[in-house]
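**Q** Structure in structure tokens, see below.
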Amino acid sequence: MVRRKQPRRGNKGERLNSTLEEALRGGGGGRAAMAESLPPEMITYILSFLPLSDQKEASLVSRAWYHAAQNALREQPGLTSLDLSGCSELSDGALLAVSRGLRRLRHLSLRKLQRLTDVGCKALGGLRELQCLDMAECSMVSGQELASALGSACGAPPPLASLSLAYCSSLKPHPELEHPAVGPKELPIQPQGPSLLMLQTLQELDLTACSKLTDASLAKVLQFPQLRKLSLSLLPAFTDVGLVAVARGCPSLEYLALSHCSLLSDEGWAQAAGSWPRLQHLNLSSCSQLTEQTLDTIGQTCKQLRVLDVAMCPGISVTAVRRFQTQWSQVTCVQSRFVGGADLTLTL
């Protein structure tokens, strides 16, 4: 007697995945319509079987699926990492839901959430275990409520190690952002009221293209002895005064990006470079006022330097770059495209 082979049936998770994928593609005809007509509780149940990346995509299908995805998140209270980057329809309410349901979050990406405002930033105060926060390109965030939420003087701040506010074009100085510290220099910094200065565990900070920040605001905010990586590129108002203040406030830097800071000069570097003996990676591309004098200063003071970018610095010649590499052989890579009008990349 010959037995007919039964067709293999996938497990429940695979079948749910297949149905959802067809709905997301707009295919499946009746299946997509059926998925749309399911009660909210059922959609939430289905989404709970999916990885977070698929839940994020599903939230864009319709308003019903958006709310179902939020409910699915609430059912994962032990979640420690969440990436919502690029979900352009998400707004302040979504962040409020996250802060209420996912108190254990340590890594959160809100990159490119164009509808997120200062109101939503208030919710970040509920994430007391947060270690990494990416809010790059959140163009409606001014920083006021962010500083109040993360740097509250009431209770311990979150152990935040990495913060990105790159291209947050509305970010500007606020009393909460730059609240002055008091006390002798040898004592720990003690801000008066809510301030980002409370985040003394911070090791990485990206303020690229936050064009409204000034020397004064940066001098008051950038006082992080443990900070290792700092990006201040594309700050049109950043001058030697700000550079020297940052050098004093962040002496442990290993990575520093200052590209397109066209007001920086050799004099500023002569005062600042000695504060950064640990510097390993330095980007000075398109700093139009710098000359070979800055190269000499960097070579003499930053003995740990390994990578230097001086591309498109018209005041630095090809000859100066070659001499620098001959004298300071520990610098294994010098990016120097279009220096002095030439196209050159020297890599050992």
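Residues in the structure tokens are numbered from 1 in each chain, the chains being A, B, ... in the order shown, and ligands are numbered from 1 in the order shown.
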List as a VMD selection string the protein and nucleic acid residues near Leu96 in chain A, meaning an atom at most 8 Å away when only C-alpha atoms are counted, but skip any in the same chain fewer than 4 places from it.
**A** chain A and resid 92 100 120 123
**Q** Based on the selection just made, write N, CA, C and O atoms of those residues as a compact mmCIF listing (two decimals), in the first residue's frame.
**A**
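Writing the result to out_15.txt gives the following:
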# COMPACT_ATOMS: atom_id res chain seq x y z
N ASP A 92 4.70 62.35 18.78
CA ASP A 92 4.92 62.39 20.22
C ASP A 92 4.21 61.26 20.96
O ASP A 92 4.73 60.71 21.93
N ARG A 100 6.11 54.41 28.48
CA ARG A 100 5.22 53.80 29.47
C ARG A 100 5.35 52.28 29.48
O ARG A 100 5.26 51.65 30.55
N GLY A 120 7.07 65.38 22.98
CA GLY A 120 7.38 63.96 23.06
C GLY A 120 8.64 63.68 23.86
O GLY A 120 8.76 62.63 24.51
N ALA A 123 8.76 62.40 27.52
CA ALA A 123 8.58 61.00 27.86
C ALA A 123 9.90 60.28 28.11
O ALA A 123 9.94 59.24 28.78
**Q** Find the residues near range 330-336 of chain A: any atom within 12 Å, counting only C-alpha atoms, skip ones fewer than 5 places away on the same chain, and give them as a PyMOL selection string.
**A** chain A and resi 279-286+295+298-300+302-325+341-348
**Q** Can you write out the residues you just picked, keeping N, CA and C atoms, as a compact mmCIF listing (two decimals), in the first residue's frame?
**A**
# COMPACT_ATOMS: atom_id res chain seq x y z
N LEU A 279 44.07 62.09 21.85
CA LEU A 279 43.41 62.18 20.55
C LEU A 279 44.04 61.21 19.54
N GLN A 280 43.15 60.39 18.90
CA GLN A 280 43.61 59.41 17.91
C GLN A 280 43.08 59.68 16.51
N HIS A 281 41.90 60.28 16.42
CA HIS A 281 41.25 60.51 15.12
C HIS A 281 40.77 61.96 15.09
N LEU A 282 41.26 62.75 14.11
CA LEU A 282 40.91 64.17 14.03
C LEU A 282 40.51 64.54 12.61
N ASN A 283 39.33 65.13 12.48
CA ASN A 283 38.83 65.56 11.17
C ASN A 283 38.75 67.08 11.13
N LEU A 284 39.60 67.68 10.29
CA LEU A 284 39.63 69.14 10.12
C LEU A 284 39.36 69.52 8.66
N SER A 285 38.71 68.65 7.92
CA SER A 285 38.49 68.92 6.50
C SER A 285 37.67 70.20 6.30
N SER A 286 38.03 70.96 5.28
CA SER A 286 37.33 72.19 4.91
C SER A 286 37.37 73.26 5.99
N LEU A 295 49.34 71.90 11.62
CA LEU A 295 49.93 70.57 11.49
C LEU A 295 51.10 70.39 12.46
N ILE A 298 49.75 70.04 16.06
CA ILE A 298 49.13 68.74 16.29
C ILE A 298 50.20 67.66 16.43
N GLY A 299 51.20 67.69 15.55
CA GLY A 299 52.25 66.68 15.60
C GLY A 299 53.03 66.71 16.91
N GLN A 300 53.26 67.90 17.44
CA GLN A 300 54.07 68.04 18.65
C GLN A 300 53.30 67.71 19.93
N CYS A 302 49.80 66.02 20.06
CA CYS A 302 48.87 64.87 20.03
C CYS A 302 49.62 63.61 19.63
N LYS A 303 50.36 63.05 20.56
CA LYS A 303 51.27 61.95 20.27
C LYS A 303 50.56 60.63 19.98
N GLN A 304 49.28 60.52 20.34
CA GLN A 304 48.53 59.29 20.09
C GLN A 304 47.78 59.31 18.76
N LEU A 305 47.88 60.40 18.02
CA LEU A 305 47.11 60.56 16.78
C LEU A 305 47.49 59.49 15.76
N ARG A 306 46.43 58.90 15.14
CA ARG A 306 46.62 57.88 14.11
C ARG A 306 46.00 58.27 12.77
N VAL A 307 44.89 59.00 12.80
CA VAL A 307 44.18 59.38 11.58
C VAL A 307 43.92 60.88 11.59
N LEU A 308 44.29 61.55 10.49
CA LEU A 308 44.09 63.00 10.36
C LEU A 308 43.48 63.30 9.00
N ASP A 309 42.43 64.12 8.99
CA ASP A 309 41.79 64.53 7.74
C ASP A 309 41.89 66.04 7.60
N VAL A 310 42.68 66.46 6.61
CA VAL A 310 42.79 67.89 6.31
C VAL A 310 42.41 68.15 4.85
N ALA A 311 41.53 67.32 4.33
CA ALA A 311 41.09 67.48 2.94
C ALA A 311 40.44 68.84 2.73
N MET A 312 40.67 69.43 1.58
CA MET A 312 40.06 70.69 1.18
C MET A 312 40.36 71.84 2.15
N CYS A 313 41.58 71.80 2.71
CA CYS A 313 42.09 72.93 3.51
C CYS A 313 43.04 73.72 2.62
N PRO A 314 42.59 74.83 2.06
CA PRO A 314 43.41 75.54 1.07
C PRO A 314 44.70 76.12 1.64
N GLY A 315 44.76 76.33 2.96
CA GLY A 315 45.96 76.90 3.55
C GLY A 315 47.05 75.90 3.87
N ILE A 316 46.78 74.61 3.60
CA ILE A 316 47.76 73.56 3.87
C ILE A 316 48.24 72.99 2.54
N SER A 317 49.53 73.00 2.31
CA SER A 317 50.09 72.58 1.03
C SER A 317 50.42 71.09 1.01
N VAL A 318 50.60 70.56 -0.18
CA VAL A 318 51.00 69.16 -0.33
C VAL A 318 52.35 68.92 0.33
N THR A 319 53.25 69.87 0.18
CA THR A 319 54.58 69.76 0.79
C THR A 319 54.48 69.67 2.31
N ALA A 320 53.60 70.47 2.91
CA ALA A 320 53.43 70.45 4.37
C ALA A 320 52.88 69.09 4.83
N VAL A 321 51.97 68.52 4.05
CA VAL A 321 51.41 67.21 4.40
C VAL A 321 52.51 66.14 4.35
N ARG A 322 53.31 66.15 3.30
CA ARG A 322 54.40 65.17 3.18
C ARG A 322 55.42 65.31 4.32
N ARG A 323 55.75 66.53 4.67
CA ARG A 323 56.69 66.76 5.76
C ARG A 323 56.10 66.27 7.09
N PHE A 324 54.82 66.50 7.28
CA PHE A 324 54.14 66.04 8.49
C PHE A 324 54.25 64.52 8.62
N GLN A 325 53.97 63.81 7.54
CA GLN A 325 54.02 62.34 7.61
C GLN A 325 55.44 61.83 7.81
N GLY A 341 45.15 72.95 -3.58
CA GLY A 341 44.74 72.82 -4.98
C GLY A 341 45.08 71.49 -5.59
N ALA A 342 45.63 70.53 -4.83
CA ALA A 342 46.01 69.22 -5.38
C ALA A 342 45.01 68.16 -4.96
N ASP A 343 45.05 67.00 -5.61
CA ASP A 343 44.21 65.86 -5.26
C ASP A 343 45.16 64.76 -4.77
N LEU A 344 45.19 64.54 -3.45
CA LEU A 344 46.20 63.62 -2.91
C LEU A 344 45.61 62.92 -1.68
N THR A 345 45.76 61.61 -1.61
CA THR A 345 45.41 60.85 -0.42
C THR A 345 46.60 59.98 -0.08
N LEU A 346 47.22 60.25 1.05
CA LEU A 346 48.39 59.49 1.47
C LEU A 346 47.98 58.51 2.55
N THR A 347 48.23 57.24 2.33
CA THR A 347 47.91 56.21 3.31
C THR A 347 49.10 55.25 3.39
N LEU A 348 49.62 55.05 4.59
CA LEU A 348 50.74 54.13 4.76
C LEU A 348 50.21 52.74 5.03
**Q** With a distance cut-off of 7 Å and only C-alpha atoms, select the neighbouring residues of range 105-111 of chain A, excluding the residue or stretch itself and same-chain residues fewer than 2 positions from it, and output the selection as a PyMOL selection string.
**A** chain A and resi 79-86+102-103+113+127+129-138
**Q** What is the CA of Ser139 in chain A-CA of Pro173 in chain A distance in Å, reported with one decimal?
**A**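 A separation of 15.0 Å between them.
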**Q** So that I can see what lies close to Ser231 in chain A, please list as a PyMOL selection string the residues with an atom at most 12 Å from it, counting only C-alpha atoms and leaving out residues fewer than 3 positions away in the same chain.
**A** chain A and resi 162-167+203-210+222+227-228+234-235+246+253-261+281-284
**Q** Could you name the residues that touch Thr297 in chain A at 9 Å or less, counting only C-alpha atoms, but leaving out those on the same chain fewer than 3 positions away, as a list in words?
**A** Asp266, Trp269, Ala270, Ala273, Gly274, Glu292, Gln293, Thr294, Gln300, Thr301 and Cys302 of chain A
**Q** Leaving out Ala247 in chain A and any residue of its chain fewer than 4 positions from it, which residues lie within 9 Å of it when counting only C-alpha atoms, given as a ChimeraX atom specification?
**A** /A:242-243,251-253,271-276
**Q** Restricting it to all heavy atoms, dump the selection as an mmCIF file, in the first residue's frame.
**A**
data_model
loop_
_atom_site.group_PDB
_atom_site.id
_atom_site.type_symbol
_atom_site.label_atom_id
_atom_site.label_comp_id
_atom_site.auth_asym_id
_atom_site.auth_seq_id
_atom_site.Cartn_x
_atom_site.Cartn_y
_atom_site.Cartn_z
ATOM 1 N N GLY A 242 35.334 78.924 21.412
ATOM 2 C CA GLY A 242 34.628 77.686 21.703
ATOM 3 C C GLY A 242 35.558 76.483 21.715
ATOM 4 O O GLY A 242 35.420 75.583 22.554
ATOM 5 N N LEU A 243 36.520 76.470 20.804
ATOM 6 C CA LEU A 243 37.464 75.356 20.727
ATOM 7 C C LEU A 243 38.259 75.213 22.016
ATOM 8 O O LEU A 243 38.403 74.104 22.561
ATOM 9 C CB LEU A 243 38.409 75.567 19.548
ATOM 10 C CG LEU A 243 39.446 74.466 19.298
ATOM 11 C CD1 LEU A 243 38.763 73.191 18.838
ATOM 12 C CD2 LEU A 243 40.471 74.919 18.262
ATOM 13 N N PRO A 251 38.694 66.763 28.237
ATOM 14 C CA PRO A 251 40.119 66.469 28.049
ATOM 15 C C PRO A 251 40.441 65.039 27.632
ATOM 16 O O PRO A 251 41.600 64.749 27.309
ATOM 17 C CB PRO A 251 40.711 66.768 29.432
ATOM 18 C CG PRO A 251 39.587 66.467 30.378
ATOM 19 C CD PRO A 251 38.340 66.885 29.672
ATOM 20 N N SER A 252 39.437 64.151 27.638
ATOM 21 C CA SER A 252 39.710 62.733 27.351
ATOM 22 C C SER A 252 39.366 62.333 25.922
ATOM 23 O O SER A 252 39.313 61.141 25.604
ATOM 24 C CB SER A 252 38.929 61.845 28.329
ATOM 25 O OG SER A 252 39.305 62.103 29.662
ATOM 26 N N LEU A 253 39.146 63.294 25.045
ATOM 27 C CA LEU A 253 38.711 62.966 23.685
ATOM 28 C C LEU A 253 39.741 62.113 22.951
ATOM 29 O O LEU A 253 40.939 62.364 22.990
ATOM 30 C CB LEU A 253 38.465 64.253 22.886
ATOM 31 C CG LEU A 253 37.242 65.086 23.250
ATOM 32 C CD1 LEU A 253 37.122 66.279 22.308
ATOM 33 C CD2 LEU A 253 35.972 64.243 23.199
ATOM 34 N N GLN A 271 46.325 76.920 21.359
ATOM 35 C CA GLN A 271 45.863 76.933 22.753
ATOM 36 C C GLN A 271 45.168 75.631 23.148
ATOM 37 O O GLN A 271 45.231 75.220 24.304
ATOM 38 C CB GLN A 271 44.887 78.089 22.965
ATOM 39 C CG GLN A 271 45.483 79.471 22.737
ATOM 40 C CD GLN A 271 44.442 80.564 22.918
ATOM 41 O OE1 GLN A 271 43.836 80.693 23.984
ATOM 42 N NE2 GLN A 271 44.228 81.364 21.890
ATOM 43 N N ALA A 272 44.499 74.976 22.204
ATOM 44 C CA ALA A 272 43.647 73.830 22.539
ATOM 45 C C ALA A 272 44.354 72.486 22.471
ATOM 46 O O ALA A 272 44.046 71.577 23.259
ATOM 47 C CB ALA A 272 42.432 73.813 21.608
ATOM 48 N N ALA A 273 45.271 72.307 21.548
ATOM 49 C CA ALA A 273 45.816 70.976 21.259
ATOM 50 C C ALA A 273 46.451 70.300 22.473
ATOM 51 O O ALA A 273 46.342 69.075 22.638
ATOM 52 C CB ALA A 273 46.835 71.072 20.118
ATOM 53 N N GLY A 274 47.080 71.060 23.341
ATOM 54 C CA GLY A 274 47.743 70.478 24.499
ATOM 55 C C GLY A 274 46.803 69.791 25.477
ATOM 56 O O GLY A 274 47.238 68.988 26.311
ATOM 57 N N SER A 275 45.505 70.082 25.371
ATOM 58 C CA SER A 275 44.518 69.464 26.276
ATOM 59 C C SER A 275 44.076 68.088 25.809
ATOM 60 O O SER A 275 43.315 67.417 26.506
ATOM 61 C CB SER A 275 43.288 70.371 26.404
ATOM 62 O OG SER A 275 43.620 71.621 26.968
ATOM 63 N N TRP A 276 44.531 67.670 24.621
ATOM 64 C CA TRP A 276 44.052 66.400 24.051
ATOM 65 C C TRP A 276 45.181 65.421 23.769
ATOM 66 O O TRP A 276 45.417 65.012 22.628
ATOM 67 C CB TRP A 276 43.278 66.681 22.757
ATOM 68 C CG TRP A 276 41.944 67.309 22.990
ATOM 69 C CD1 TRP A 276 41.035 66.973 23.941
ATOM 70 C CD2 TRP A 276 41.345 68.376 22.242
ATOM 71 N NE1 TRP A 276 39.912 67.773 23.854
ATOM 72 C CE2 TRP A 276 40.082 68.645 22.810
ATOM 73 C CE3 TRP A 276 41.762 69.129 21.141
ATOM 74 C CZ2 TRP A 276 39.223 69.627 22.321
ATOM 75 C CZ3 TRP A 276 40.920 70.104 20.657
ATOM 76 C CH2 TRP A 276 39.659 70.346 21.233
#
**Q** Rounded to one decimal in Å, what is the spacing between CA of Ala161 in chain A and CA of Phe224 in chain A?
**A**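 Taking CA of Ala161 in chain A and CA of Phe224 in chain A, their separation equals 11.0 Å.
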**Q** When distances are computed from only C-alpha atoms, which of A:Gln114, A:Thr44, A:Ser195, A:Ser262 shows the smallest separation from Pro157 in chain A?
**A** A:Ser195
**Q** Rank A:Pro51, A:Tyr66, A:Leu197, A:Leu171 by their smallest atom-to-atom distance to Ser148 in chain A, using only C-alpha atoms, and report the top residue only.
**A**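 With only C-alpha atoms as the atom set, the closest residue is A:Leu197.
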**Q** Please extract the residues of range 117-345 of chain A with a backbone DSSP assignment of helix (DSSP H, G or I) and present them as a ChimeraX atom specification.
**A** /A:118-126,144-150,196-198,215-221,240-249,266-275,292-301,318-327,339-341
**Q** Rounded to one decimal place, report the CA of Gly268 in chain A-CA of Asp215 in chain A distance in Å.
**A**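 About the pair CA of Gly268 in chain A and CA of Asp215 in chain A: they are 12.8 Å apart.
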**Q** Determine which residues of range 73-302 of chain A DSSP labels as strand (DSSP E or B) from the backbone of this structure, then write them out as a PyMOL selection string.
**A** chain A and resi 81-83+107-109+132-134+162-164+181-182+190-191+204-206+229-231+255-257+281-283
